[in-house]
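Heads up, data_26.cif below (mmCIF, C-alpha atoms and all ligand atoms; chains and numbers go by the auth columns):
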```cif
data_target
#
loop_
_atom_site.group_PDB
_atom_site.id
_atom_site.type_symbol
_atom_site.label_atom_id
_atom_site.label_comp_id
_atom_site.label_asym_id
_atom_site.label_seq_id
_atom_site.Cartn_x
_atom_site.Cartn_y
_atom_site.Cartn_z
_atom_site.B_iso_or_equiv
_atom_site.auth_seq_id
_atom_site.auth_asym_id
ATOM 1 C CA MET A 1 -3.636 27.459 28.341 0.00 1 L
ATOM 2 C CA ASN A 2 -2.769 24.145 26.677 0.00 2 L
ATOM 3 C CA CYS A 3 -2.868 20.567 27.987 0.00 3 L
ATOM 4 C CA LYS A 4 0.666 20.761 29.370 0.00 4 L
ATOM 5 C CA GLY A 5 -0.209 23.908 31.282 0.00 5 L
ATOM 6 C CA VAL A 6 -3.165 22.137 32.837 0.00 6 L
ATOM 7 C CA ILE A 7 -0.979 19.215 33.914 0.00 7 L
ATOM 8 C CA LEU A 8 1.587 21.560 35.424 0.00 8 L
ATOM 9 C CA GLU A 9 -1.027 23.444 37.437 0.00 9 L
ATOM 10 C CA ILE A 10 -3.289 20.516 38.267 0.00 10 L
ATOM 11 C CA SER A 11 -2.243 20.030 41.881 0.00 11 L
ATOM 12 C CA ASN A 12 -2.413 23.769 42.578 0.00 12 L
ATOM 13 C CA TYR A 13 -5.821 23.844 40.928 0.00 13 L
ATOM 14 C CA ILE A 14 -7.160 21.024 43.077 0.00 14 L
ATOM 15 C CA ASP A 15 -5.595 22.515 46.195 0.00 15 L
ATOM 16 C CA GLY A 16 -7.346 25.792 45.350 0.00 16 L
ATOM 17 C CA GLU A 17 -4.047 27.658 45.217 0.00 17 L
ATOM 18 C CA LEU A 18 -4.297 29.117 41.716 0.00 18 L
ATOM 19 C CA ASP A 19 -4.751 32.829 41.101 0.00 19 L
ATOM 20 C CA LEU A 20 -8.226 33.534 39.787 0.00 20 L
ATOM 21 C CA PRO A 21 -7.191 34.444 36.201 0.00 21 L
ATOM 22 C CA VAL A 22 -5.147 31.246 35.907 0.00 22 L
ATOM 23 C CA LYS A 23 -7.962 29.206 37.400 0.00 23 L
ATOM 24 C CA GLU A 24 -10.436 30.673 34.932 0.00 24 L
ATOM 25 C CA GLU A 25 -8.116 29.983 32.026 0.00 25 L
ATOM 26 C CA LEU A 26 -7.697 26.393 33.179 0.00 26 L
ATOM 27 C CA GLU A 27 -11.449 25.915 33.536 0.00 27 L
ATOM 28 C CA ARG A 28 -12.003 27.324 30.052 0.00 28 L
ATOM 29 C CA HIS A 29 -9.606 24.702 28.722 0.00 29 L
ATOM 30 C CA LEU A 30 -11.460 21.974 30.614 0.00 30 L
ATOM 31 C CA GLU A 31 -14.692 22.941 28.886 0.00 31 L
ATOM 32 C CA ASP A 32 -13.132 22.189 25.509 0.00 32 L
ATOM 33 C CA CYS A 33 -10.835 19.309 26.389 0.00 33 L
ATOM 34 C CA GLU A 34 -12.343 15.994 27.451 0.00 34 L
ATOM 35 C CA ASP A 35 -8.935 14.491 28.180 0.00 35 L
ATOM 36 C CA CYS A 36 -7.918 17.143 30.669 0.00 36 L
ATOM 37 C CA LYS A 37 -11.354 17.066 32.248 0.00 37 L
ATOM 38 C CA MET A 38 -10.962 13.341 32.811 0.00 38 L
ATOM 39 C CA VAL A 39 -7.476 13.819 34.222 0.00 39 L
ATOM 40 C CA VAL A 40 -8.694 16.486 36.640 0.00 40 L
ATOM 41 C CA ASP A 41 -11.597 14.271 37.718 0.00 41 L
ATOM 42 C CA GLN A 42 -9.250 11.317 38.209 0.00 42 L
ATOM 43 C CA THR A 43 -6.803 13.431 40.173 0.00 43 L
ATOM 44 C CA ARG A 44 -9.529 14.849 42.358 0.00 44 L
ATOM 45 C CA LEU A 45 -10.714 11.311 43.028 0.00 45 L
ATOM 46 C CA THR A 46 -7.184 10.256 43.952 0.00 46 L
ATOM 47 C CA VAL A 47 -6.841 13.235 46.262 0.00 47 L
ATOM 48 C CA GLU A 48 -10.143 12.418 47.928 0.00 48 L
ATOM 49 C CA ILE A 49 -9.171 8.782 48.420 0.00 49 L
ATOM 50 C CA PHE A 50 -5.870 9.770 49.947 0.00 50 L
ATOM 51 C CA CYS A 51 -7.130 12.661 52.001 0.00 51 L
ATOM 52 C CA ASP A 52 -10.605 11.505 52.978 0.00 52 L
ATOM 53 C CA SER A 53 -12.034 14.700 51.460 0.00 53 L
ATOM 54 C CA LYS A 54 -9.955 16.873 53.774 0.00 54 L
ATOM 55 C CA PRO A 55 -7.677 19.527 52.292 0.00 55 L
ATOM 56 C CA VAL A 56 -4.396 17.716 52.782 0.00 56 L
ATOM 57 C CA GLU A 57 -1.342 17.905 50.560 0.00 57 L
ATOM 58 C CA LEU A 58 -0.805 14.869 48.322 0.00 58 L
ATOM 59 C CA PRO A 59 2.232 12.835 49.353 0.00 59 L
ATOM 60 C CA ALA A 60 5.151 13.810 47.128 0.00 60 L
ATOM 61 C CA ASP A 61 5.623 10.320 45.682 0.00 61 L
ATOM 62 C CA VAL A 62 1.963 10.095 44.722 0.00 62 L
ATOM 63 C CA LYS A 63 2.163 13.514 43.126 0.00 63 L
ATOM 64 C CA SER A 64 5.226 12.636 41.060 0.00 64 L
ATOM 65 C CA ARG A 65 3.791 9.263 40.001 0.00 65 L
ATOM 66 C CA LEU A 66 0.643 11.013 38.900 0.00 66 L
ATOM 67 C CA HIS A 67 2.545 13.665 36.965 0.00 67 L
ATOM 68 C CA GLU A 68 4.623 10.958 35.306 0.00 68 L
ATOM 69 C CA ALA A 69 1.484 9.114 34.194 0.00 69 L
ATOM 70 C CA LEU A 70 -0.083 12.308 32.873 0.00 70 L
ATOM 71 C CA HIS A 71 3.032 13.256 30.907 0.00 71 L
ATOM 72 C CA ARG A 72 3.097 9.777 29.365 0.00 72 L
ATOM 73 C CA LYS A 73 -0.522 10.137 28.400 0.00 73 L
ATOM 74 C CA LEU A 74 0.091 13.489 26.718 0.00 74 L
ATOM 75 C CA GLN A 75 3.002 12.047 24.765 0.00 75 L
ATOM 76 C CA GLU A 76 0.911 9.103 23.560 0.00 76 L
ATOM 77 C CA LYS A 77 -1.598 11.579 22.210 0.00 77 L
ATOM 78 C CA GLY A 78 1.184 13.223 20.223 0.00 78 L
ATOM 79 C CA ASN A 79 0.875 16.575 21.909 0.00 79 L
HETATM 80 ZN ZN ZN B . -6.327 19.558 27.429 0.00 1 U
#
```

In structure tokens, what does this structure look like?
Amino acid sequence: MNCKGVILEISNYIDGELDLPVKEELERHLEDCEDCKMVVDQTRLTVEIFCDSKPVELPADVKSRLHEALHRKLQEKGN
């Protein structure tokens, strides 16, 4: 899995909705990629702030703003 794959699956990952093989692949990428690790941590933090640690779906506008920011970040890196 590459950085873009992580970004695409990030909300499913945090919601715990990924199939195990995909989840494992994503976590393997996180071990090697500081940027994605930071993004996942940030996203988790955002989710916790919004949801008060309860498993609640992110509001759609928050989700799309987040994705937009992440895509911009990946482009800046030249990926
Ligand atoms: Zn990455």

Give the padded box for segment 43-46 of chain L as JSON: axis-aligned, covering all atoms listed in the file, 4 Å on each side, centre and edge lengths in Å to one decimal.
```
{"center_x": -8.8, "center_y": 12.6, "center_z": 42.1, "size_x": 11.9, "size_y": 12.6, "size_z": 11.8}
```

Please identify every polymer residue within 6 Å of ligand ZN 1 (chain U), using all atoms listed in the file, and present the set as a PyMOL selection string. chain L and resi 2-3+33+35-36

For the selection just defined, write its residues with C-alpha atoms to a file, as a compact mmCIF listing (two decimals), keeping the file's coordinate frame.
```
# COMPACT_ATOMS: atom_id res chain seq x y z
CA ASN L 2 -2.77 24.14 26.68
CA CYS L 3 -2.87 20.57 27.99
CA CYS L 33 -10.84 19.31 26.39
CA ASP L 35 -8.94 14.49 28.18
CA CYS L 36 -7.92 17.14 30.67
```

Ranking L:Val47, L:Met1, L:Glu68, L:Asp41 by minimum distance to Leu26 of chain L and counting only C-alpha atoms, which one comes first?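 Once distances to Leu26 of chain L are computed over only C-alpha atoms, the minimum belongs to L:Met1.
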
Rank L:Leu74, L:Ile14, L:Leu30, L:Val22 by their smallest atom-to-atom distance to Thr43 of chain L, using all atoms listed in the file, and report the top residue only.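 Checking each of L:Leu74, L:Ile14, L:Leu30, L:Val22 against Thr43 of chain L, counting all atoms listed in the file, the winner is L:Ile14.
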
Would you compute the distance between atom CA of Ile7 of chain L and atom CA of Leu70 of chain L? Give it in Å to one decimal.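 If I compute the distance from atom CA of Ile7 of chain L to atom CA of Leu70 of chain L, I get 7.0 Å.
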
How many Å lie between atom CA of Arg72 of chain L and atom CA of Thr46 of chain L, rounded to one decimal?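 Distance reported for this atom pair: 17.9 Å.
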
Expressed in Å to a single decimal, how great is the separation between atom CA of Lys23 of chain L and atom CA of Asp61 of chain L? 24.7 Å

Counting all atoms listed in the file, the option among L:Ser11, L:Val39, L:Leu18, L:Glu25 closest to Val62 of chain L: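 Closest candidate: L:Ser11.
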
Please complete segment 13-30 of chain L with N, CA and C atoms and give it back as a short mmCIF file (atom, residue, chain, number, x, y, z; two decimals), in the coordinates of the input.
```cif
data_model
loop_
_atom_site.label_atom_id
_atom_site.label_comp_id
_atom_site.auth_asym_id
_atom_site.auth_seq_id
_atom_site.Cartn_x
_atom_site.Cartn_y
_atom_site.Cartn_z
N TYR L 13 -4.41 23.64 41.22
CA TYR L 13 -5.82 23.84 40.93
C TYR L 13 -6.69 23.10 41.94
N ILE L 14 -6.36 21.84 42.17
CA ILE L 14 -7.16 21.02 43.08
C ILE L 14 -7.00 21.49 44.52
N ASP L 15 -5.81 21.98 44.85
CA ASP L 15 -5.60 22.52 46.20
C ASP L 15 -6.23 23.89 46.37
N GLY L 16 -6.74 24.47 45.27
CA GLY L 16 -7.35 25.79 45.35
C GLY L 16 -6.34 26.91 45.52
N GLU L 17 -5.12 26.68 45.01
CA GLU L 17 -4.05 27.66 45.22
C GLU L 17 -3.76 28.52 43.98
N LEU L 18 -4.54 28.34 42.93
CA LEU L 18 -4.30 29.12 41.72
C LEU L 18 -4.87 30.53 41.84
N ASP L 19 -4.18 31.49 41.22
CA ASP L 19 -4.75 32.83 41.10
C ASP L 19 -5.99 32.75 40.21
N LEU L 20 -6.94 33.61 40.49
CA LEU L 20 -8.23 33.53 39.79
C LEU L 20 -8.10 33.55 38.26
N PRO L 21 -7.29 34.44 37.68
CA PRO L 21 -7.19 34.44 36.20
C PRO L 21 -6.67 33.12 35.65
N VAL L 22 -5.71 32.53 36.35
CA VAL L 22 -5.15 31.25 35.91
C VAL L 22 -6.20 30.14 36.04
N LYS L 23 -6.91 30.18 37.15
CA LYS L 23 -7.96 29.21 37.40
C LYS L 23 -9.03 29.28 36.31
N GLU L 24 -9.41 30.50 35.95
CA GLU L 24 -10.44 30.67 34.93
C GLU L 24 -9.96 30.17 33.57
N GLU L 25 -8.68 30.44 33.29
CA GLU L 25 -8.12 29.98 32.03
C GLU L 25 -8.11 28.45 31.97
N LEU L 26 -7.74 27.85 33.09
CA LEU L 26 -7.70 26.39 33.18
C LEU L 26 -9.10 25.81 33.00
N GLU L 27 -10.09 26.44 33.64
CA GLU L 27 -11.45 25.92 33.54
C GLU L 27 -12.01 26.08 32.13
N ARG L 28 -11.58 27.15 31.45
CA ARG L 28 -12.00 27.32 30.05
C ARG L 28 -11.45 26.19 29.20
N HIS L 29 -10.20 25.81 29.47
CA HIS L 29 -9.61 24.70 28.72
C HIS L 29 -10.37 23.41 29.00
N LEU L 30 -10.75 23.20 30.25
CA LEU L 30 -11.46 21.97 30.61
C LEU L 30 -12.78 21.84 29.87
#
```
